[in-house]
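Chemist: Below is the file work-v3.txt, with compact mmCIF, C-alpha atoms and all ligand atoms.
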```txt
# COMPACT_ATOMS: atom_id res chain seq x y z
CA MET A 1 3.32 20.99 -10.36
CA THR A 2 4.62 20.46 -6.81
CA ALA A 3 7.62 18.15 -6.34
CA PRO A 4 6.97 14.63 -5.03
CA VAL A 5 7.31 14.13 -1.28
CA VAL A 6 8.00 10.43 -1.81
CA ASP A 7 10.01 9.12 -4.76
CA VAL A 8 10.40 5.36 -4.88
CA HIS A 9 12.77 3.92 -7.43
CA ASP A 10 13.34 0.26 -8.33
CA VAL A 11 12.69 -1.04 -4.80
CA ARG A 12 13.20 -4.74 -4.16
CA VAL A 13 12.53 -6.76 -1.02
CA TRP A 14 13.53 -10.41 -0.57
CA TYR A 15 12.68 -12.67 2.35
CA ALA A 16 14.93 -15.58 3.28
CA GLY A 17 12.98 -18.81 2.76
CA PRO A 18 13.76 -22.53 3.15
CA ASN A 19 13.63 -23.01 -0.65
CA GLY A 20 15.52 -19.84 -1.56
CA PRO A 21 14.82 -16.09 -1.43
CA VAL A 22 11.17 -14.96 -1.81
CA GLN A 23 11.16 -12.03 -4.28
CA ALA A 24 8.19 -10.32 -2.63
CA VAL A 25 8.84 -6.88 -4.18
CA ASP A 26 10.81 -6.88 -7.39
CA GLY A 27 11.54 -3.47 -8.89
CA VAL A 28 8.80 -1.03 -7.87
CA THR A 29 8.85 2.62 -8.96
CA PHE A 30 6.32 5.38 -8.18
CA ALA A 31 6.10 8.91 -6.80
CA LEU A 32 3.60 10.70 -4.57
CA ARG A 33 3.00 14.43 -4.27
CA PRO A 34 1.69 16.21 -1.16
CA GLY A 35 -2.06 15.69 -0.82
CA GLU A 36 -2.14 12.79 -3.25
CA VAL A 37 -3.73 9.44 -2.36
CA LEU A 38 -2.40 6.40 -4.22
CA GLY A 39 -4.36 3.15 -3.91
CA LEU A 40 -2.22 0.00 -4.04
CA VAL A 41 -4.29 -2.99 -5.12
CA GLY A 42 -3.78 -6.61 -6.12
CA GLU A 43 -4.61 -10.09 -4.87
CA SER A 44 -3.34 -11.36 -1.57
CA GLY A 45 0.32 -12.38 -1.68
CA CYS A 46 1.34 -9.90 -4.40
CA GLY A 47 3.68 -7.93 -2.11
CA LYS A 48 1.57 -4.91 -1.10
CA SER A 49 2.22 -5.07 2.66
CA THR A 50 5.87 -5.92 2.11
CA LEU A 51 6.23 -2.82 -0.05
CA GLY A 52 4.37 -0.61 2.47
CA ARG A 53 6.52 -1.76 5.35
CA GLY A 54 9.70 -1.74 3.28
CA LEU A 55 9.19 1.97 2.50
CA MET A 56 9.26 2.59 6.26
CA GLY A 57 12.42 0.47 6.57
CA LEU A 58 10.45 -2.23 8.39
CA VAL A 59 11.70 -5.56 7.06
CA PRO A 60 12.13 -8.64 9.26
CA ARG A 61 15.55 -9.98 10.22
CA GLY A 62 17.05 -11.94 7.34
CA ALA A 63 15.16 -9.93 4.69
CA ALA A 64 16.98 -7.64 2.25
CA ILE A 65 15.85 -4.34 0.74
CA ASP A 66 17.41 -2.53 -2.17
CA GLY A 67 16.65 0.44 -4.48
CA ASP A 68 15.96 4.04 -3.51
CA VAL A 69 13.26 5.61 -1.34
CA GLU A 70 13.62 9.38 -1.33
CA PHE A 71 11.44 11.05 1.25
CA ASP A 72 11.44 14.81 1.67
CA GLY A 73 14.84 15.01 -0.02
CA ARG A 74 16.51 12.24 2.05
CA HIS A 75 17.47 8.78 0.82
CA LEU A 76 15.96 6.52 3.47
CA LEU A 77 17.47 3.16 2.62
CA GLY A 78 21.01 4.40 3.31
CA LEU A 79 20.13 5.72 6.78
CA SER A 80 20.84 3.94 10.05
CA LYS A 81 17.93 2.50 12.03
CA LYS A 82 18.22 5.34 14.53
CA GLU A 83 18.09 8.03 11.84
CA ARG A 84 15.08 6.36 10.21
CA GLU A 85 13.25 6.19 13.53
CA LYS A 86 13.67 9.95 13.92
CA ILE A 87 11.93 10.46 10.59
CA ARG A 88 9.09 8.11 11.49
CA GLY A 89 6.35 9.84 13.43
CA PRO A 90 6.67 13.43 12.28
CA GLY A 91 7.65 12.31 8.77
CA MET A 92 5.99 9.02 7.99
CA ALA A 93 3.32 6.97 9.72
CA LEU A 94 2.08 3.45 9.17
CA ILE A 95 -1.53 2.58 10.01
CA PHE A 96 -2.09 -1.14 10.46
CA GLN A 97 -5.08 -3.39 10.17
CA GLU A 98 -5.07 -4.73 13.73
CA PRO A 99 -4.97 -1.93 16.28
CA MET A 100 -4.66 -4.25 19.29
CA THR A 101 -1.21 -5.29 18.12
CA ARG A 102 0.00 -1.69 18.48
CA LEU A 103 -1.89 -0.45 21.55
CA ASP A 104 -0.43 -1.61 24.86
CA PRO A 105 -3.34 -3.05 26.92
CA LEU A 106 -1.71 -1.87 30.15
CA MET A 107 -1.42 1.76 29.06
CA LYS A 108 -4.21 4.34 29.06
CA ILE A 109 -4.88 6.15 25.79
CA SER A 110 -3.44 9.32 27.37
CA ASP A 111 -0.17 7.48 28.11
CA HIS A 112 0.07 6.33 24.50
CA PHE A 113 -0.20 9.92 23.31
CA THR A 114 2.26 11.24 25.89
CA GLU A 115 4.78 8.59 24.87
CA VAL A 116 4.55 9.34 21.15
CA LEU A 117 4.59 13.12 21.55
CA HIS A 118 7.37 13.02 24.12
CA VAL A 119 9.69 11.09 21.78
CA HIS A 120 9.11 13.26 18.73
CA GLU A 121 8.28 16.66 20.17
CA PRO A 122 10.02 16.80 23.55
CA LYS A 123 9.64 20.59 23.74
CA LEU A 124 5.86 20.44 24.17
CA SER A 125 4.62 21.11 27.71
CA LYS A 126 2.27 18.62 29.40
CA SER A 127 -0.79 20.77 28.73
CA GLU A 128 0.25 21.32 25.09
CA MET A 129 0.59 17.57 24.69
CA ARG A 130 -2.85 17.05 26.16
CA ASP A 131 -4.36 19.70 23.85
CA ARG A 132 -2.70 18.16 20.82
CA ALA A 133 -3.89 14.67 21.75
CA LEU A 134 -7.46 15.78 22.46
CA ASP A 135 -7.57 17.64 19.13
CA ALA A 136 -6.43 14.52 17.28
CA LEU A 137 -8.97 12.34 19.11
CA ARG A 138 -11.78 14.81 18.55
CA SER A 139 -11.08 14.95 14.82
CA LEU A 140 -11.62 11.18 14.82
CA GLY A 141 -14.84 11.36 16.80
CA ILE A 142 -13.45 10.12 20.14
CA PRO A 143 -14.79 12.29 22.99
CA PRO A 144 -12.25 13.86 25.41
CA THR A 145 -13.97 12.09 28.31
CA ARG A 146 -12.47 8.80 27.07
CA TYR A 147 -8.87 10.10 27.25
CA ASP A 148 -7.98 8.12 30.36
CA ASN A 149 -9.59 4.85 29.28
CA TYR A 150 -7.67 1.67 28.49
CA PRO A 151 -7.69 0.10 24.98
CA HIS A 152 -9.98 -2.78 25.99
CA GLU A 153 -12.69 -0.27 26.96
CA PHE A 154 -13.19 0.66 23.30
CA SER A 155 -14.83 -1.12 20.36
CA GLY A 156 -12.67 -2.36 17.46
CA GLY A 157 -13.69 0.60 15.31
CA MET A 158 -12.84 3.09 18.06
CA ARG A 159 -9.46 1.45 18.66
CA GLN A 160 -8.71 1.77 14.98
CA ARG A 161 -9.62 5.46 15.10
CA ILE A 162 -7.40 5.92 18.18
CA MET A 163 -4.52 4.31 16.29
CA ILE A 164 -5.07 6.71 13.44
CA ALA A 165 -5.29 9.65 15.87
CA LEU A 166 -1.97 8.57 17.39
CA ALA A 167 -0.35 8.42 13.96
CA LEU A 168 -1.81 11.79 12.97
CA ALA A 169 -1.00 13.69 16.18
CA LEU A 170 2.43 14.35 14.66
CA ARG A 171 1.00 15.45 11.31
CA PRO A 172 3.15 13.13 9.18
CA LYS A 173 3.82 14.14 5.59
CA PHE A 174 3.49 10.58 4.34
CA ILE A 175 0.94 8.05 5.63
CA ILE A 176 0.93 4.38 4.68
CA ALA A 177 -2.46 2.86 5.53
CA ASP A 178 -2.34 -0.94 5.18
CA GLU A 179 -5.89 -2.32 4.82
CA PRO A 180 -7.02 0.16 7.52
CA THR A 181 -10.68 -0.81 7.29
CA THR A 182 -10.59 -4.52 6.40
CA ALA A 183 -11.45 -5.82 9.86
CA LEU A 184 -14.21 -3.25 10.37
CA ASP A 185 -17.89 -3.09 9.47
CA VAL A 186 -19.04 -0.91 6.60
CA LEU A 187 -20.23 1.98 8.76
CA VAL A 188 -16.91 2.31 10.55
CA GLU A 189 -15.19 1.85 7.20
CA ALA A 190 -17.15 4.79 5.82
CA GLN A 191 -16.23 6.89 8.88
CA ILE A 192 -12.55 6.15 8.45
CA LEU A 193 -12.65 6.99 4.76
CA ASN A 194 -14.34 10.29 5.64
CA ILE A 195 -11.62 10.97 8.17
CA LEU A 196 -8.91 10.34 5.59
CA ALA A 197 -10.72 12.76 3.26
CA ASP A 198 -10.82 15.40 6.05
CA ILE A 199 -7.14 14.99 6.84
CA ARG A 200 -6.37 15.54 3.19
CA GLN A 201 -8.32 18.78 3.22
CA THR A 202 -6.70 20.07 6.40
CA TYR A 203 -3.01 19.43 5.88
CA ALA A 204 -2.49 17.50 2.63
CA PRO A 205 -0.24 14.56 3.49
CA ALA A 206 0.63 12.03 0.77
CA ILE A 207 -1.20 8.75 1.44
CA LEU A 208 -0.46 5.23 0.20
CA LEU A 209 -3.68 3.28 0.77
CA ILE A 210 -3.21 -0.48 0.55
CA THR A 211 -6.47 -2.31 -0.04
CA HIS A 212 -8.00 -5.20 -1.92
CA ASN A 213 -11.25 -3.25 -2.25
CA LEU A 214 -11.55 -1.46 -5.59
CA GLY A 215 -14.66 0.38 -4.35
CA ILE A 216 -12.52 2.10 -1.72
CA VAL A 217 -10.01 3.04 -4.39
CA ALA A 218 -12.76 4.54 -6.55
CA GLU A 219 -14.01 6.56 -3.60
CA ALA A 220 -10.87 7.63 -1.79
CA CYS A 221 -7.91 7.65 -4.21
CA ASP A 222 -6.56 9.93 -6.95
CA ARG A 223 -4.31 7.36 -8.50
CA VAL A 224 -4.10 3.59 -8.46
CA ALA A 225 -1.16 1.18 -8.73
CA VAL A 226 -1.94 -2.45 -9.52
CA MET A 227 0.53 -4.93 -8.08
CA TYR A 228 1.03 -8.46 -9.34
CA ALA A 229 3.67 -10.89 -8.09
CA GLY A 230 6.00 -8.21 -6.73
CA ARG A 231 5.73 -5.66 -9.56
CA ILE A 232 3.46 -2.71 -10.32
CA VAL A 233 1.94 -3.79 -13.63
CA GLU A 234 -0.20 -0.71 -14.19
CA GLN A 235 -0.60 2.74 -12.67
CA GLY A 236 -2.42 5.97 -13.44
CA PRO A 237 -5.32 8.19 -12.38
CA VAL A 238 -8.15 6.08 -10.94
CA ARG A 239 -10.68 7.43 -13.41
CA ASP A 240 -8.54 6.56 -16.46
CA VAL A 241 -7.39 3.14 -15.24
CA PHE A 242 -10.90 2.06 -14.22
CA ALA A 243 -12.44 3.36 -17.46
CA LYS A 244 -9.81 1.84 -19.72
CA PRO A 245 -7.54 -0.68 -17.98
CA ARG A 246 -4.55 -1.51 -20.22
CA HIS A 247 -3.12 -4.57 -18.46
CA PRO A 248 -5.02 -7.90 -18.65
CA TYR A 249 -4.51 -8.33 -14.88
CA THR A 250 -6.17 -4.97 -14.14
CA GLN A 251 -8.97 -5.91 -16.54
CA ALA A 252 -9.46 -9.22 -14.73
CA LEU A 253 -9.39 -7.56 -11.28
CA LEU A 254 -12.04 -5.08 -12.37
CA ARG A 255 -14.18 -7.85 -13.83
CA SER A 256 -14.02 -9.71 -10.52
CA THR A 257 -15.50 -6.77 -8.60
CA ILE A 258 -19.15 -6.57 -7.64
CA SER A 259 -21.11 -3.45 -8.55
CA LEU A 260 -24.76 -2.58 -9.04
CA LYS A 261 -24.37 -3.47 -12.71
CA THR A 262 -22.80 -6.87 -12.01
CA GLN A 263 -24.66 -9.67 -13.70
CA GLU A 264 -22.02 -12.32 -13.42
CA LEU A 265 -18.94 -12.44 -11.21
CA ASN A 266 -15.74 -13.44 -12.96
CA SER A 267 -13.04 -14.60 -10.62
CA ILE A 268 -9.51 -14.80 -12.01
CA ALA A 269 -8.60 -18.41 -12.66
CA GLY A 270 -5.47 -19.67 -10.88
CA ALA A 271 -3.53 -17.95 -8.13
CA PRO A 272 -0.53 -15.59 -7.89
CA PRO A 273 2.73 -17.52 -8.40
CA ASP A 274 5.24 -18.80 -5.90
CA LEU A 275 7.65 -15.89 -5.54
CA VAL A 276 10.65 -18.15 -4.93
CA ARG A 277 10.52 -19.23 -8.57
CA PRO A 278 8.26 -16.75 -10.37
CA PRO A 279 7.34 -17.39 -14.04
CA THR A 280 9.80 -16.17 -16.67
CA GLY A 281 9.00 -13.07 -18.75
CA CYS A 282 5.73 -11.52 -17.68
CA ARG A 283 4.76 -13.00 -14.32
CA PHE A 284 1.09 -12.93 -15.26
CA HIS A 285 1.52 -14.97 -18.47
CA PRO A 286 0.38 -18.35 -17.03
CA ARG A 287 -3.01 -16.78 -16.16
CA CYS A 288 -3.32 -14.40 -19.11
CA ALA A 289 -5.84 -15.19 -21.85
CA HIS A 290 -3.81 -13.08 -24.32
CA ALA A 291 -0.34 -14.51 -23.59
CA MET A 292 2.06 -14.64 -26.56
CA GLN A 293 5.45 -16.30 -27.03
CA VAL A 294 7.32 -13.10 -26.12
CA CYS A 295 5.47 -12.95 -22.77
CA VAL A 296 7.24 -16.17 -21.72
CA ASP A 297 10.63 -15.11 -23.04
CA LYS A 298 11.12 -11.52 -21.89
CA LEU A 299 10.11 -9.12 -19.14
CA PRO A 300 7.52 -6.76 -20.65
CA PRO A 301 8.53 -3.13 -21.26
CA LEU A 302 6.89 -0.22 -19.45
CA ILE A 303 4.61 1.46 -21.97
CA VAL A 304 3.55 5.01 -21.12
CA GLU A 305 0.35 6.22 -22.76
CA GLY A 306 -0.45 9.73 -21.56
CA VAL A 307 -1.07 9.67 -17.81
CA GLN A 308 -1.38 5.89 -17.71
CA GLN A 309 1.40 3.30 -17.80
CA ALA A 310 1.48 -0.49 -17.93
CA GLU A 311 4.02 -3.28 -18.31
CA CYS A 312 2.56 -5.45 -21.05
CA TRP A 313 3.74 -6.84 -24.41
CA LEU A 314 0.26 -6.38 -25.89
CA LEU A 315 0.88 -2.63 -25.84
CA ALA A 316 4.32 -2.85 -27.48
CA SER A 317 4.88 -2.32 -31.18
CA GLY A 318 7.39 -3.89 -33.57
CA LEU A 319 7.03 -7.51 -32.40
CA SER A 320 7.88 -10.25 -34.90
CA GLU A 321 5.37 -12.84 -36.05
CA ALA A 322 7.10 -15.48 -33.88
CA GLN A 323 6.96 -13.24 -30.81
CA ARG A 324 3.26 -12.59 -31.33
CA ARG A 325 2.38 -16.27 -31.62
CA PRO A 326 -0.45 -16.91 -29.13
CA LEU A 327 0.41 -19.41 -26.40
CA GLN A 328 -1.67 -22.54 -26.17
CA ARG A 329 -2.86 -23.37 -22.63
CA GLU A 330 -0.80 -26.63 -22.59
CA GLU A 331 2.34 -24.61 -23.35
CA VAL A 332 1.52 -22.28 -20.47
CA SER A 333 1.46 -25.07 -17.93
CA VAL A 334 4.66 -26.56 -19.38
CA ALA A 335 6.34 -23.13 -19.27
CA ASP A 336 5.16 -22.70 -15.72
CA GLU A 337 6.57 -26.01 -14.56
CA ALA A 338 9.91 -25.47 -16.32
P1 LIG B 401 0.08 -8.84 0.18
O1 LIG B 401 0.21 -7.72 1.15
O2 LIG B 401 -0.13 -8.36 -1.24
O3 LIG B 401 -0.93 -9.86 0.58
P2 LIG B 401 2.63 -9.73 1.24
O4 LIG B 401 3.54 -8.55 1.14
O5 LIG B 401 2.03 -10.02 2.56
O6 LIG B 401 1.48 -9.61 0.11
O7 LIG B 401 3.43 -11.05 0.76
C1 LIG B 401 4.17 -11.10 -0.46
C2 LIG B 401 4.92 -12.41 -0.51
O8 LIG B 401 5.91 -12.45 0.50
C3 LIG B 401 4.04 -13.65 -0.30
O9 LIG B 401 4.53 -14.66 -1.14
C4 LIG B 401 4.27 -13.99 1.16
O10 LIG B 401 4.09 -15.37 1.39
C5 LIG B 401 5.73 -13.58 1.34
N1 LIG B 401 6.04 -13.17 2.72
C6 LIG B 401 5.41 -12.20 3.43
N2 LIG B 401 5.99 -12.06 4.66
C7 LIG B 401 7.00 -12.97 4.70
C8 LIG B 401 7.99 -13.32 5.69
N3 LIG B 401 8.05 -12.68 6.86
N4 LIG B 401 8.88 -14.30 5.38
C9 LIG B 401 8.83 -14.94 4.18
N5 LIG B 401 7.94 -14.66 3.20
C10 LIG B 401 7.04 -13.68 3.46
```
Once you've parsed the file, please lay out its structure as structure tokens.
Modeler:
Amino acid sequence: MTAPVVDVHDVRVWYAGPNGPVQAVDGVTFALRPGEVLGLVGESGCGKSTLGRGLMGLVPRGAAIDGDVEFDGRHLLGLSKKEREKIRGPGMALIFQEPMTRLDPLMKISDHFTEVLHVHEPKLSKSEMRDRALDALRSLGIPPTRYDNYPHEFSGGMRQRIMIALALALRPKFIIADEPTTALDVLVEAQILNILADIRQTYAPAILLITHNLGIVAEACDRVAVMYAGRIVEQGPVRDVFAKPRHPYTQALLRSTISLKTQELNSIAGAPPDLVRPPTGCRFHPRCAHAMQVCVDKLPPLIVEGVQQAECWLLASGLSEAQRRPLQREEVSVADEA
């Protein structure tokens, strides 16, 4: 098996907040091999974007990041900002949801490409830069005749494809795509997913695809990581996790998804917790129908079952009678308020 290109170990990100630090990412570990696509899912506010940006070293002023992100043999979190910026571009790229926030309205598309290529590959001649840019645009279905247009002359879907072309012109080994299709209609969404599939075929980057859409995960990802309240509670191959989810949160997420077979939609009662004072023990226990005493008292262990792994006391063996005692709903709300 090839070695991972990205190895993330026990990463934590805290934001400064008026009521104390927000533990947005709290001990995340995963690895990605070249060519692999990992879907990161979970409800809004569970820390997915914070994790994606944190891996690139992008945390706002006043936020803290800790743990280890090894990329291509280098430990990123120890590097200076300047050193990290050198790795971004040819090494890692982040694709955002809103392309207009990244494209400068006063610059033509050609100028955007020249700027990016000039910074990271200064040895390219002008005509080589142009060829490289036109290749990237063409692979995303943007005709060369539009090279000298301004961002506002394109539709939202085209701008998103231009953003992706800009990120891919440098052929990064690791791509973080944060809800890349959320603001787009389903046809453009399908195009972008096809493009990601093509890129995978041509040069096999590792891709972290952040999405709240489990259908996209089923279609575009090899593995899935389910995030709840700052932690990855389950991960494994998409086929295995979707066929037999181990964690009650994954089970609930899957039940809340619409498919052709859906007869009744089950939303998950409650909302993700306040990350300034998250629940004790398992962070999901206040919403879990199977919560036991031990789930309130202790952080659940990581249980590895073949290719799948989940953090849940239900999967652990050797619990005492007292630890297994089911929680009554009233106790859950009391525990939550404590
Ligand atoms: P997701 O991408 O899963 O929706 P986020 O990473 O955006 O989750 O947010 C995780 C948590 O961090 C949330 O509680 C959110 O309110 C908080 N958060 C996000 N950005 C900031 C910030 N800049 N300052 C303080 N808290 C933040």
Chemist: Can you pull out every residue with an atom within 7 Å of ligand LIG 401 (chain B)? Use all atoms listed in the file and format it as number ranges by chain.
Modeler: A: 15-17, 22, 24, 42-51, 60, 274-275
Chemist: For stretch 143-151 of chain A, I'd like the enclosing box, axis-aligned and padded by 4 Å on every side, reported as AutoDock Vina command-line options with centre and edge lengths in Å to one decimal.
Modeler:
```
--center_x -11.2 --center_y 7.0 --center_z 26.7 --size_x 15.1 --size_y 21.8 --size_z 15.4
```
Chemist: Need the shell around A:Glu321: protein/DNA/RNA residues with any atom at most 12 Å away, counting only C-alpha atoms. Skip same-chain ones fewer than 3 positions apart. Format as a ChimeraX atom specification?
Modeler: /A:292-294,317-318,324-326
Chemist: For A:Asp68, work out the shell of residues within 7 Å, counting only C-alpha atoms and skipping chain neighbours fewer than 6 positions away, then give it as a list in words.
Modeler: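 Once the nearby chain positions are removed, what remains is Val8, His9, Asp10, Val11, His75 and Leu77 of chain A.
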Chemist: Which value, in Å to one decimal, gives the distance between atom CA of A:Phe113 and atom CA of A:Leu208?
Modeler: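 For atom CA of A:Phe113 relative to atom CA of A:Leu208, the distance reads 23.6 Å.
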Chemist: Taking 5 positions as the minimum chain separation for residues in the same chain, which residues sit within 9 Å of A:Arg200 when counting all atoms listed in the file? Answer as a VMD selection string.
Modeler: chain A and resid 35 to 37 195 205 to 207
Chemist: When you draw a straight line from atom CA of A:Leu315 to atom CA of A:His212, how long is it in Å?
Modeler: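 Going from atom CA of A:Leu315 over to atom CA of A:His212, I get 25.6 Å.
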Chemist: Can you measure atom CA of A:Val296 to atom CA of A:Gln323 for me? One decimal in Å is fine.
Modeler: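 The value is 9.6 Å.
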Chemist: Could you give me, as a ChimeraX atom specification, the residues within 12 Å of A:His285, counting only C-alpha atoms and dropping anything in the same chain fewer than 3 positions from it?
Modeler: /A:228-229,247-249,270-273,278-282,288-300,311-314,326-329,331-333,335-336
Chemist: Could you dump the residues just selected with C-alpha atoms as a CSV table (one decimal), keeping the file's coordinate frame?
Modeler:
```csv
chain,number,residue,atom,x,y,z
A,228,TYR,CA,1.0,-8.5,-9.3
A,229,ALA,CA,3.7,-10.9,-8.1
A,247,HIS,CA,-3.1,-4.6,-18.5
A,248,PRO,CA,-5.0,-7.9,-18.6
A,249,TYR,CA,-4.5,-8.3,-14.9
A,270,GLY,CA,-5.5,-19.7,-10.9
A,271,ALA,CA,-3.5,-18.0,-8.1
A,272,PRO,CA,-0.5,-15.6,-7.9
A,273,PRO,CA,2.7,-17.5,-8.4
A,278,PRO,CA,8.3,-16.8,-10.4
A,279,PRO,CA,7.3,-17.4,-14.0
A,280,THR,CA,9.8,-16.2,-16.7
A,281,GLY,CA,9.0,-13.1,-18.8
A,282,CYS,CA,5.7,-11.5,-17.7
A,288,CYS,CA,-3.3,-14.4,-19.1
A,289,ALA,CA,-5.8,-15.2,-21.8
A,290,HIS,CA,-3.8,-13.1,-24.3
A,291,ALA,CA,-0.3,-14.5,-23.6
A,292,MET,CA,2.1,-14.6,-26.6
A,293,GLN,CA,5.4,-16.3,-27.0
A,294,VAL,CA,7.3,-13.1,-26.1
A,295,CYS,CA,5.5,-13.0,-22.8
A,296,VAL,CA,7.2,-16.2,-21.7
A,297,ASP,CA,10.6,-15.1,-23.0
A,298,LYS,CA,11.1,-11.5,-21.9
A,299,LEU,CA,10.1,-9.1,-19.1
A,300,PRO,CA,7.5,-6.8,-20.6
A,311,GLU,CA,4.0,-3.3,-18.3
A,312,CYS,CA,2.6,-5.4,-21.0
A,313,TRP,CA,3.7,-6.8,-24.4
A,314,LEU,CA,0.3,-6.4,-25.9
A,326,PRO,CA,-0.4,-16.9,-29.1
A,327,LEU,CA,0.4,-19.4,-26.4
A,328,GLN,CA,-1.7,-22.5,-26.2
A,329,ARG,CA,-2.9,-23.4,-22.6
A,331,GLU,CA,2.3,-24.6,-23.4
A,332,VAL,CA,1.5,-22.3,-20.5
A,333,SER,CA,1.5,-25.1,-17.9
A,335,ALA,CA,6.3,-23.1,-19.3
A,336,ASP,CA,5.2,-22.7,-15.7
```
Chemist: Start from the incomplete input, build N, CA and C atoms for stretch 159-180 of chain A, and deliver everything as a PDB file, in the frame of the given file.
Modeler:
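Result file follows (rebuild.pdb):
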```
ATOM      1  N   ARG A 159     -10.911   1.689  18.502  1.00  0.00           N
ATOM      2  CA  ARG A 159      -9.460   1.450  18.660  1.00  0.00           C
ATOM      3  C   ARG A 159      -8.735   1.808  17.367  1.00  0.00           C
ATOM      4  N   GLN A 160      -9.354   1.455  16.247  1.00  0.00           N
ATOM      5  CA  GLN A 160      -8.710   1.770  14.980  1.00  0.00           C
ATOM      6  C   GLN A 160      -8.603   3.289  14.807  1.00  0.00           C
ATOM      7  N   ARG A 161      -9.662   3.999  15.218  1.00  0.00           N
ATOM      8  CA  ARG A 161      -9.620   5.460  15.100  1.00  0.00           C
ATOM      9  C   ARG A 161      -8.569   6.051  16.054  1.00  0.00           C
ATOM     10  N   ILE A 162      -8.417   5.430  17.229  1.00  0.00           N
ATOM     11  CA  ILE A 162      -7.400   5.920  18.180  1.00  0.00           C
ATOM     12  C   ILE A 162      -6.001   5.731  17.584  1.00  0.00           C
ATOM     13  N   MET A 163      -5.805   4.573  16.945  1.00  0.00           N
ATOM     14  CA  MET A 163      -4.520   4.310  16.290  1.00  0.00           C
ATOM     15  C   MET A 163      -4.216   5.371  15.247  1.00  0.00           C
ATOM     16  N   ILE A 164      -5.256   5.710  14.486  1.00  0.00           N
ATOM     17  CA  ILE A 164      -5.070   6.710  13.440  1.00  0.00           C
ATOM     18  C   ILE A 164      -4.778   8.070  14.089  1.00  0.00           C
ATOM     19  N   ALA A 165      -5.519   8.381  15.181  1.00  0.00           N
ATOM     20  CA  ALA A 165      -5.290   9.650  15.870  1.00  0.00           C
ATOM     21  C   ALA A 165      -3.844   9.729  16.376  1.00  0.00           C
ATOM     22  N   LEU A 166      -3.346   8.595  16.887  1.00  0.00           N
ATOM     23  CA  LEU A 166      -1.970   8.570  17.390  1.00  0.00           C
ATOM     24  C   LEU A 166      -0.975   8.848  16.260  1.00  0.00           C
ATOM     25  N   ALA A 167      -1.245   8.220  15.103  1.00  0.00           N
ATOM     26  CA  ALA A 167      -0.350   8.420  13.960  1.00  0.00           C
ATOM     27  C   ALA A 167      -0.423   9.862  13.469  1.00  0.00           C
ATOM     28  N   LEU A 168      -1.635  10.462  13.568  1.00  0.00           N
ATOM     29  CA  LEU A 168      -1.810  11.790  12.970  1.00  0.00           C
ATOM     30  C   LEU A 168      -1.467  12.933  13.915  1.00  0.00           C
ATOM     31  N   ALA A 169      -1.301  12.633  15.218  1.00  0.00           N
ATOM     32  CA  ALA A 169      -1.000  13.690  16.180  1.00  0.00           C
ATOM     33  C   ALA A 169       0.286  14.430  15.773  1.00  0.00           C
ATOM     34  N   LEU A 170       1.165  13.731  15.053  1.00  0.00           N
ATOM     35  CA  LEU A 170       2.430  14.350  14.660  1.00  0.00           C
ATOM     36  C   LEU A 170       2.364  14.957  13.254  1.00  0.00           C
ATOM     37  N   ARG A 171       1.197  14.898  12.654  1.00  0.00           N
ATOM     38  CA  ARG A 171       1.000  15.450  11.310  1.00  0.00           C
ATOM     39  C   ARG A 171       2.042  14.969  10.307  1.00  0.00           C
ATOM     40  N   PRO A 172       2.154  13.652  10.107  1.00  0.00           N
ATOM     41  CA  PRO A 172       3.150  13.130   9.180  1.00  0.00           C
ATOM     42  C   PRO A 172       2.876  13.560   7.740  1.00  0.00           C
ATOM     43  N   LYS A 173       3.981  13.713   6.992  1.00  0.00           N
ATOM     44  CA  LYS A 173       3.820  14.140   5.590  1.00  0.00           C
ATOM     45  C   LYS A 173       3.466  12.978   4.684  1.00  0.00           C
ATOM     46  N   PHE A 174       3.750  11.755   5.162  1.00  0.00           N
ATOM     47  CA  PHE A 174       3.490  10.580   4.340  1.00  0.00           C
ATOM     48  C   PHE A 174       2.846   9.509   5.229  1.00  0.00           C
ATOM     49  N   ILE A 175       1.654   9.062   4.838  1.00  0.00           N
ATOM     50  CA  ILE A 175       0.940   8.050   5.630  1.00  0.00           C
ATOM     51  C   ILE A 175       0.784   6.795   4.781  1.00  0.00           C
ATOM     52  N   ILE A 176       1.178   5.652   5.345  1.00  0.00           N
ATOM     53  CA  ILE A 176       0.930   4.380   4.680  1.00  0.00           C
ATOM     54  C   ILE A 176      -0.177   3.695   5.468  1.00  0.00           C
ATOM     55  N   ALA A 177      -1.328   3.489   4.843  1.00  0.00           N
ATOM     56  CA  ALA A 177      -2.460   2.860   5.530  1.00  0.00           C
ATOM     57  C   ALA A 177      -2.630   1.471   4.917  1.00  0.00           C
ATOM     58  N   ASP A 178      -2.317   0.431   5.705  1.00  0.00           N
ATOM     59  CA  ASP A 178      -2.340  -0.940   5.180  1.00  0.00           C
ATOM     60  C   ASP A 178      -3.659  -1.610   5.555  1.00  0.00           C
ATOM     61  N   GLU A 179      -4.555  -1.736   4.610  1.00  0.00           N
ATOM     62  CA  GLU A 179      -5.890  -2.320   4.820  1.00  0.00           C
ATOM     63  C   GLU A 179      -6.510  -1.740   6.105  1.00  0.00           C
ATOM     64  N   PRO A 180      -6.617  -0.416   6.224  1.00  0.00           N
ATOM     65  CA  PRO A 180      -7.020   0.160   7.520  1.00  0.00           C
ATOM     66  C   PRO A 180      -8.449  -0.167   7.902  1.00  0.00           C
TER      67      PRO A 180
END
```
